[in-house]
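Read through the structure below, which is laid out as structure tokens, and then see the notes.
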Amino acid sequence: MMKLRLNTSVEVTGSLQDAPVSSVVRIPIQKKHKPVVKKKQIVGRGQVIAENPTKSAYSLGFVHSSIDGIVEEVLADAIVIGPIPAPKEGEEAVAPPVTELCAELDTLENEELSRKLLELGVDTSRFHASRALIINGLNPEPGVLVSEQLVKDAQETLKIGLQTLERAIKPGTVKLVVAKGKQISLHGCTTVHASDVYPATIDPLVVYAATGSERPDNVDVISISDLFQVGRVAQTKLPLMEAVVSVGDNVYLVPIGMPVQNLLDHAGVQYGSEWKIALNGPMRGTPIFNLAMGIPEKCTAISLIREDACPQVQPNPCINCGECVFVCPARIHPGMLSCNAEFGFYDEARYKNVEACLECGMCTFVCPATRPVMQYILLAKHSLAGKDELVSTCRLQD
Ligand code: SF4
Ligand code: SF4
């Protein structure tokens with residue numbers, strides 16, 4: 001079993017720090033994005049490099065360059081931008097285009113404002129008009145400090161973010177969920193206190209804490225990081241170009257696409273072969289195998305986890321101990337579902353409500369047989385998603 005403390009709330013003492021500008025960025029793009037730049041094109045900081053052709057005002061945001069540079073590669077999952085080469089003798093240096101401030105942000109409202117936010121890089125699929133809005137102010141996972149750091153150091157940006165959202169979606173009510181015992185408030189929000197012990201910090205359980213209902217209609221939930229990004233765009237009037245990322249005890253404002261290696265070097269993190277590195281937190285993060293990968297805009301942490309703190313999962317047989325059932329917040333039977341998935345009985349897993357899994361990772365965390373319990377469940381969900389709408393749309397937390 002992993003040796004991790006599951007409380008997520010901490011006393012944040014340091015300040016939000018600026019990471020240095022990178023000379024090379026590898027900016028992630030999604031399948032929905034359509035690149036609008038070509039190899040060897042000079043781009044300016046803030047210039048659109050990939051669009052989302054959707055007609056909806058509520059969808060994935062456009063992607064922008066976070067540095068001045070030249071497009072080195074346009075790949076299926078990233079656009080690589082590097083330094084502009086020095087001009088040859090007798091040639092003039094090429095100046096990158098300058099991005100103009102978006103003054104309209106102060107006057108637009110409703111869907112027009114949501115659409116503009118999307119064009120400026122905000123993921124507007126997280127909120128919709130006229131629903132109740134819940135702001136998850138809990139740190140997302142143990143060791144990830146972003147939410148409490150932003151509440152401490154970015155009150156003005158969060159306030160502007162909230163005012164902008166109020167003009168864009170006119171939510172009926174706005175609730176801020178924070179850890180029990182914390183005296184935290186945000187302009188215009190009703191504060192609700194909830195457990196900070198993981199997995200109580202994931203969105204579906206935060207919604208339950210705020211509303212008393214498991215799947216209420218007409219409720220949107222966003223994180224403090226999401227709110228900060230709206231506020232940052234509204235405050236600077238520039239496209240979204242930064243992520244807020246926790247590394248150890250420090251939290252950085254990082255240019256999107258900055259290589260993970262550069263951030264670790266800047267943070268002065270020492271690590272050897274006994275450490276695993278993950279994008280996001282230790283419970284739900286994904287392992288990083290190539291430290292040249294660019295930091296995505298939704299990244300909340302680069303986590304370093306010692307090998308002996310998380311033993312290798314193996315396809316060991318389930319010993320039917322029931323530990324995973326005790327900790328599962330979705331009240332399903334992870335051990336049994338993992339066996340169904342292991343042997344390809346996906347329809348059986350569907351019959352046993354595999355879609356209710358919240359993907360918190362607690363079953364893998366407690367399994368004494370070190371089975372990849374959640375990973376088997378994800379396999380079943382992935383296999384079912386193509387043919388079963390209920391499974392494909394069940395991932396409530398992100
Ligand atoms: S990941 Fe495991 S513990 Fe968490 S909700 Fe899914 S089945 Fe339950
Ligand atoms: S904790 Fe592991 S061994 Fe125990 S029932 Fe769950 S899957 Fe099986």
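Just so we're on the same page: first chain in the structure tokens is A, next is B, and so on; residues restart at 1 for each chain, and ligands are numbered from 1 in the order they show up.
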Per residue of chain A within 8 Å of ligand 1, which atom pair is closest and at what distance in Å (one decimal), using only C-alpha atoms and all ligand atoms, listed by chain and increasing number, as JSON lines?
{"residue": "A:Pro199", "atom": "CA", "partner": "ligand 1", "partner_atom_place_in_ligand_line": "4 (Fe)", "distance": 8.0}
{"residue": "A:Cys324", "atom": "CA", "partner": "ligand 1", "partner_atom_place_in_ligand_line": "3 (S)", "distance": 6.2}
{"residue": "A:Val325", "atom": "CA", "partner": "ligand 1", "partner_atom_place_in_ligand_line": "3 (S)", "distance": 7.3}
{"residue": "A:Val327", "atom": "CA", "partner": "ligand 1", "partner_atom_place_in_ligand_line": "3 (S)", "distance": 6.0}
{"residue": "A:Cys328", "atom": "CA", "partner": "ligand 1", "partner_atom_place_in_ligand_line": "3 (S)", "distance": 3.7}
{"residue": "A:Pro329", "atom": "CA", "partner": "ligand 1", "partner_atom_place_in_ligand_line": "5 (S)", "distance": 5.4}
{"residue": "A:Ala330", "atom": "CA", "partner": "ligand 1", "partner_atom_place_in_ligand_line": "5 (S)", "distance": 4.8}
{"residue": "A:Arg331", "atom": "CA", "partner": "ligand 1", "partner_atom_place_in_ligand_line": "8 (Fe)", "distance": 6.7}
{"residue": "A:Ile332", "atom": "CA", "partner": "ligand 1", "partner_atom_place_in_ligand_line": "8 (Fe)", "distance": 6.2}
{"residue": "A:His333", "atom": "CA", "partner": "ligand 1", "partner_atom_place_in_ligand_line": "7 (S)", "distance": 6.7}
{"residue": "A:Pro334", "atom": "CA", "partner": "ligand 1", "partner_atom_place_in_ligand_line": "7 (S)", "distance": 4.4}
{"residue": "A:Leu337", "atom": "CA", "partner": "ligand 1", "partner_atom_place_in_ligand_line": "7 (S)", "distance": 7.9}
{"residue": "A:Val354", "atom": "CA", "partner": "ligand 1", "partner_atom_place_in_ligand_line": "7 (S)", "distance": 7.7}
{"residue": "A:Ala356", "atom": "CA", "partner": "ligand 1", "partner_atom_place_in_ligand_line": "5 (S)", "distance": 7.1}
{"residue": "A:Cys357", "atom": "CA", "partner": "ligand 1", "partner_atom_place_in_ligand_line": "6 (Fe)", "distance": 3.7}
{"residue": "A:Leu358", "atom": "CA", "partner": "ligand 1", "partner_atom_place_in_ligand_line": "5 (S)", "distance": 4.1}
{"residue": "A:Glu359", "atom": "CA", "partner": "ligand 1", "partner_atom_place_in_ligand_line": "1 (S)", "distance": 3.8}
{"residue": "A:Cys360", "atom": "CA", "partner": "ligand 1", "partner_atom_place_in_ligand_line": "4 (Fe)", "distance": 4.0}
{"residue": "A:Gly361", "atom": "CA", "partner": "ligand 1", "partner_atom_place_in_ligand_line": "1 (S)", "distance": 4.1}
{"residue": "A:Met362", "atom": "CA", "partner": "ligand 1", "partner_atom_place_in_ligand_line": "3 (S)", "distance": 4.4}
{"residue": "A:Cys363", "atom": "CA", "partner": "ligand 1", "partner_atom_place_in_ligand_line": "3 (S)", "distance": 4.2}
{"residue": "A:Thr364", "atom": "CA", "partner": "ligand 1", "partner_atom_place_in_ligand_line": "2 (Fe)", "distance": 6.7}
{"residue": "A:Val373", "atom": "CA", "partner": "ligand 1", "partner_atom_place_in_ligand_line": "2 (Fe)", "distance": 6.8}
{"residue": "A:Met374", "atom": "CA", "partner": "ligand 1", "partner_atom_place_in_ligand_line": "1 (S)", "distance": 4.8}
{"residue": "A:Ile377", "atom": "CA", "partner": "ligand 1", "partner_atom_place_in_ligand_line": "7 (S)", "distance": 6.9}
Serialized selection, C-alpha atoms, as a short mmCIF file (atom, residue, chain, number, x, y, z; two decimals), in the first residue's frame:
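Final output, saved to again35.cif:
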data_model
loop_
_atom_site.label_atom_id
_atom_site.label_comp_id
_atom_site.auth_asym_id
_atom_site.auth_seq_id
_atom_site.Cartn_x
_atom_site.Cartn_y
_atom_site.Cartn_z
CA PRO A 199 -11.08 11.45 -2.28
CA CYS A 324 -11.36 -1.80 -1.89
CA VAL A 325 -15.09 -2.01 -1.16
CA VAL A 327 -12.92 2.80 0.57
CA CYS A 328 -14.86 3.11 -2.69
CA PRO A 329 -16.80 6.41 -2.64
CA ALA A 330 -19.00 5.20 -5.51
CA ARG A 331 -20.25 2.25 -3.42
CA ILE A 332 -19.49 -0.29 -6.15
CA HIS A 333 -17.38 -3.47 -5.87
CA PRO A 334 -13.99 -2.58 -7.37
CA LEU A 337 -15.32 -5.27 -11.43
CA VAL A 354 -18.92 0.20 -13.71
CA ALA A 356 -20.39 4.87 -11.44
CA CYS A 357 -16.62 4.69 -10.83
CA LEU A 358 -15.28 8.18 -10.03
CA GLU A 359 -11.72 7.22 -11.00
CA CYS A 360 -10.32 8.26 -7.63
CA GLY A 361 -7.70 5.47 -7.44
CA MET A 362 -8.47 4.54 -3.83
CA CYS A 363 -9.03 0.85 -4.74
CA THR A 364 -5.54 0.55 -6.22
CA VAL A 373 -7.75 -2.33 -9.75
CA MET A 374 -8.74 1.09 -11.09
CA ILE A 377 -11.94 -0.63 -14.37
#
Neighbouring residues of ligand 2 are defined here as those with any atom at most 7 Å from a ligand atom, counting only C-alpha atoms and all ligand atoms; list them as a PyMOL selection string. chain A and resi 318-325+334-335+338+363+366-371+373
Exercise: A:Arg26 partners within 8 Å, only C-alpha atoms, chain neighbours under 4 positions left out, as a list in words: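 Within the cut-off, the hits are Ala78, Ile79, Val80, Ile81, Gly257, Met258, Pro259, Met293, Gly294 and Ile295 of chain A.
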Could those residues be written to a file, using N, CA, C and O atoms, as a PDB file, in the first residue's frame?
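Output file again36.pdb follows:
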ATOM      1  N   ALA A  78       0.738  18.092 -30.284  1.00  0.00           N
ATOM      2  CA  ALA A  78       1.472  19.259 -29.759  1.00  0.00           C
ATOM      3  C   ALA A  78       1.998  20.121 -30.899  1.00  0.00           C
ATOM      4  O   ALA A  78       2.199  19.632 -32.016  1.00  0.00           O
ATOM      5  N   ILE A  79       2.192  21.390 -30.582  1.00  0.00           N
ATOM      6  CA  ILE A  79       2.871  22.290 -31.520  1.00  0.00           C
ATOM      7  C   ILE A  79       4.138  22.779 -30.819  1.00  0.00           C
ATOM      8  O   ILE A  79       4.075  23.276 -29.683  1.00  0.00           O
ATOM      9  N   VAL A  80       5.283  22.554 -31.473  1.00  0.00           N
ATOM     10  CA  VAL A  80       6.571  22.889 -30.857  1.00  0.00           C
ATOM     11  C   VAL A  80       7.028  24.235 -31.400  1.00  0.00           C
ATOM     12  O   VAL A  80       7.073  24.439 -32.619  1.00  0.00           O
ATOM     13  N   ILE A  81       7.340  25.163 -30.483  1.00  0.00           N
ATOM     14  CA  ILE A  81       7.792  26.500 -30.889  1.00  0.00           C
ATOM     15  C   ILE A  81       9.166  26.746 -30.267  1.00  0.00           C
ATOM     16  O   ILE A  81       9.366  26.511 -29.060  1.00  0.00           O
ATOM     17  N   GLY A 257       3.195  24.735 -22.039  1.00  0.00           N
ATOM     18  CA  GLY A 257       4.116  24.102 -22.986  1.00  0.00           C
ATOM     19  C   GLY A 257       5.559  24.073 -22.510  1.00  0.00           C
ATOM     20  O   GLY A 257       6.419  23.479 -23.157  1.00  0.00           O
ATOM     21  N   MET A 258       5.835  24.719 -21.365  1.00  0.00           N
ATOM     22  CA  MET A 258       7.209  24.676 -20.839  1.00  0.00           C
ATOM     23  C   MET A 258       7.598  23.208 -20.595  1.00  0.00           C
ATOM     24  O   MET A 258       6.821  22.451 -20.012  1.00  0.00           O
ATOM     25  N   PRO A 259       8.773  22.767 -21.031  1.00  0.00           N
ATOM     26  CA  PRO A 259       9.146  21.368 -20.790  1.00  0.00           C
ATOM     27  C   PRO A 259       9.207  21.069 -19.285  1.00  0.00           C
ATOM     28  O   PRO A 259       9.678  21.894 -18.498  1.00  0.00           O
ATOM     29  N   MET A 293       8.292  16.690 -22.423  1.00  0.00           N
ATOM     30  CA  MET A 293       6.881  16.998 -22.703  1.00  0.00           C
ATOM     31  C   MET A 293       6.511  18.375 -22.156  1.00  0.00           C
ATOM     32  O   MET A 293       7.045  18.829 -21.145  1.00  0.00           O
ATOM     33  N   GLY A 294       5.606  19.039 -22.857  1.00  0.00           N
ATOM     34  CA  GLY A 294       5.182  20.378 -22.454  1.00  0.00           C
ATOM     35  C   GLY A 294       4.077  20.324 -21.412  1.00  0.00           C
ATOM     36  O   GLY A 294       3.223  19.429 -21.440  1.00  0.00           O
ATOM     37  N   ILE A 295       4.083  21.276 -20.505  1.00  0.00           N
ATOM     38  CA  ILE A 295       3.078  21.316 -19.437  1.00  0.00           C
ATOM     39  C   ILE A 295       1.743  21.806 -20.009  1.00  0.00           C
ATOM     40  O   ILE A 295       1.671  22.888 -20.579  1.00  0.00           O
TER      41      ILE A 295
END
For each of A:Ser147, A:Gln17, A:Gln155, A:Ser130, take the minimum atom-to-atom distance to A:Ala267, counting only C-alpha atoms, then give the residue where this is smallest.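 Of A:Ser147, A:Gln17, A:Gln155, A:Ser130, the one nearest A:Ala267, counting only C-alpha atoms, is A:Gln17.
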May I have the residues within 6 Å of A:Lys39 as a VMD selection string, using only C-alpha atoms and disregarding those fewer than 4 positions away in the same chain? chain A and resid 71 to 73
Can you write just those residues out, N, CA and C atoms, as a PDB file, in the first residue's frame?
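Below is the file result04.pdb, written as the result:
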ATOM      1  N   VAL A  71       7.637  28.233 -35.382  1.00  0.00           N
ATOM      2  CA  VAL A  71       7.031  26.905 -35.271  1.00  0.00           C
ATOM      3  C   VAL A  71       8.032  25.878 -35.787  1.00  0.00           C
ATOM      4  N   GLU A  72       8.431  24.961 -34.904  1.00  0.00           N
ATOM      5  CA  GLU A  72       9.404  23.930 -35.309  1.00  0.00           C
ATOM      6  C   GLU A  72       8.715  22.658 -35.778  1.00  0.00           C
ATOM      7  N   GLU A  73       7.596  22.323 -35.125  1.00  0.00           N
ATOM      8  CA  GLU A  73       6.863  21.101 -35.503  1.00  0.00           C
ATOM      9  C   GLU A  73       5.380  21.327 -35.273  1.00  0.00           C
TER      10      GLU A  73
END
Long-range neighbours of A:Asn218 as an MDAnalysis selection string, 12 Å cut-off, only C-alpha atoms, 3 positions minimum in chain: chainID A and resid 127:134 171:173 207 211 213 215 221
One decimal, Å: what's the distance from atom CA of A:Glu342 over to atom CA of A:Pro282, could you say?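 Answer for the atom CA of A:Glu342 to atom CA of A:Pro282 separation: 23.8 Å.
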Separation of atom CA of A:Lys32 and atom CA of A:Ser125, in Å? 13.0 Å
I'd like the neighbourhood of A:His193 as an MDAnalysis selection string, where a residue qualifies if any of its atoms comes within 6 Å (using only C-alpha atoms), though same-chain residues fewer than 4 positions away should be ignored. chainID A and resid 177:180
For each of A:Val21, A:Val74, A:Ala234, A:Glu11, take the minimum atom-to-atom distance to A:Leu117, counting only C-alpha atoms, then give the residue where this is smallest. A:Ala234
Compile the contact shell of stretch 41-43 of chain A as a list in words: residues with an atom at most 7 Å away, counting only C-alpha atoms, same-chain residues fewer than 3 positions apart removed.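 Once the adjacent positions are removed, what remains is Val37, Lys38, Gln47, Asp68, Gly69, Ile70, Val71, Pro96 and Pro97 of chain A.
Between A:Gly248 and the candidates A:Leu75, A:Cys189, A:Val146, A:Ala385, the tightest atom-to-atom separation, counting only C-alpha atoms, involves A:Val146.
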One residue among A:Val260, A:Leu120, A:Ala210, A:Ala341 is nearest to A:Ile27 when using only C-alpha atoms, and that residue is A:Val260
Using only C-alpha atoms for the distances, tell me which of A:Asn139, A:Thr107, A:Gln229, A:Ser246 is nearest to A:Leu16. A:Ser246
DSSP helix (DSSP H, G or I) residues within stretch 6-218 of chain A, as JSON, numbers by chain: {"A": [103, 104, 105, 106, 110, 111, 112, 113, 114, 115, 116, 117, 118, 119, 124, 125, 126, 146, 147, 148, 149, 150, 151, 152, 153, 155, 156, 157, 158, 159, 160, 161, 162, 163, 164, 165, 166, 167, 168, 169, 203, 204, 205, 206, 207, 208, 209, 210, 211]}
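Among the candidate residues A:Val251, A:Ile222, A:Leu304, A:Leu384, the one lying nearest to A:Gln270 is A:Leu304, with distances computed using only C-alpha atoms.
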I need the strand (DSSP E) residues of stretch 24-165 of chain A per DSSP on the backbone, written as a ChimeraX atom specification. /A:25-28,34-35,42-43,48-51,63-64,69-74,78-82,132-136
Quick one: write out the picked residues with C-alpha atoms as a compact mmCIF listing (two decimals), in the first residue's frame?
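Resulting contents of again_5.txt:
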# COMPACT_ATOMS: atom_id res chain seq x y z
CA VAL A 25 7.69 25.24 -25.66
CA ARG A 26 5.80 22.11 -26.65
CA ILE A 27 2.18 23.20 -26.43
CA PRO A 28 -0.29 20.29 -26.14
CA LYS A 34 -7.28 22.36 -35.77
CA PRO A 35 -3.75 23.80 -36.09
CA ILE A 42 7.06 33.11 -36.93
CA VAL A 43 4.48 33.48 -34.16
CA VAL A 48 -3.72 31.58 -31.95
CA ILE A 49 -1.92 28.41 -33.07
CA ALA A 50 -4.87 25.98 -32.98
CA GLU A 51 -8.61 26.60 -33.12
CA VAL A 63 -4.67 27.32 -28.15
CA HIS A 64 -2.16 30.21 -28.17
CA GLY A 69 9.18 32.11 -31.62
CA ILE A 70 9.19 29.98 -34.75
CA VAL A 71 7.03 26.91 -35.27
CA GLU A 72 9.40 23.93 -35.31
CA GLU A 73 6.86 21.10 -35.50
CA VAL A 74 3.10 20.70 -35.92
CA ALA A 78 1.47 19.26 -29.76
CA ILE A 79 2.87 22.29 -31.52
CA VAL A 80 6.57 22.89 -30.86
CA ILE A 81 7.79 26.50 -30.89
CA GLY A 82 11.46 27.41 -30.61
CA ALA A 132 -25.89 26.83 -9.96
CA LEU A 133 -22.10 27.16 -9.82
CA ILE A 134 -19.92 25.33 -7.32
CA ILE A 135 -16.28 26.34 -6.96
CA ASN A 136 -14.17 23.48 -5.66
Between atom CA of A:Val12 and atom CA of A:Phe365, distance in Å (one decimal): 26.2 Å
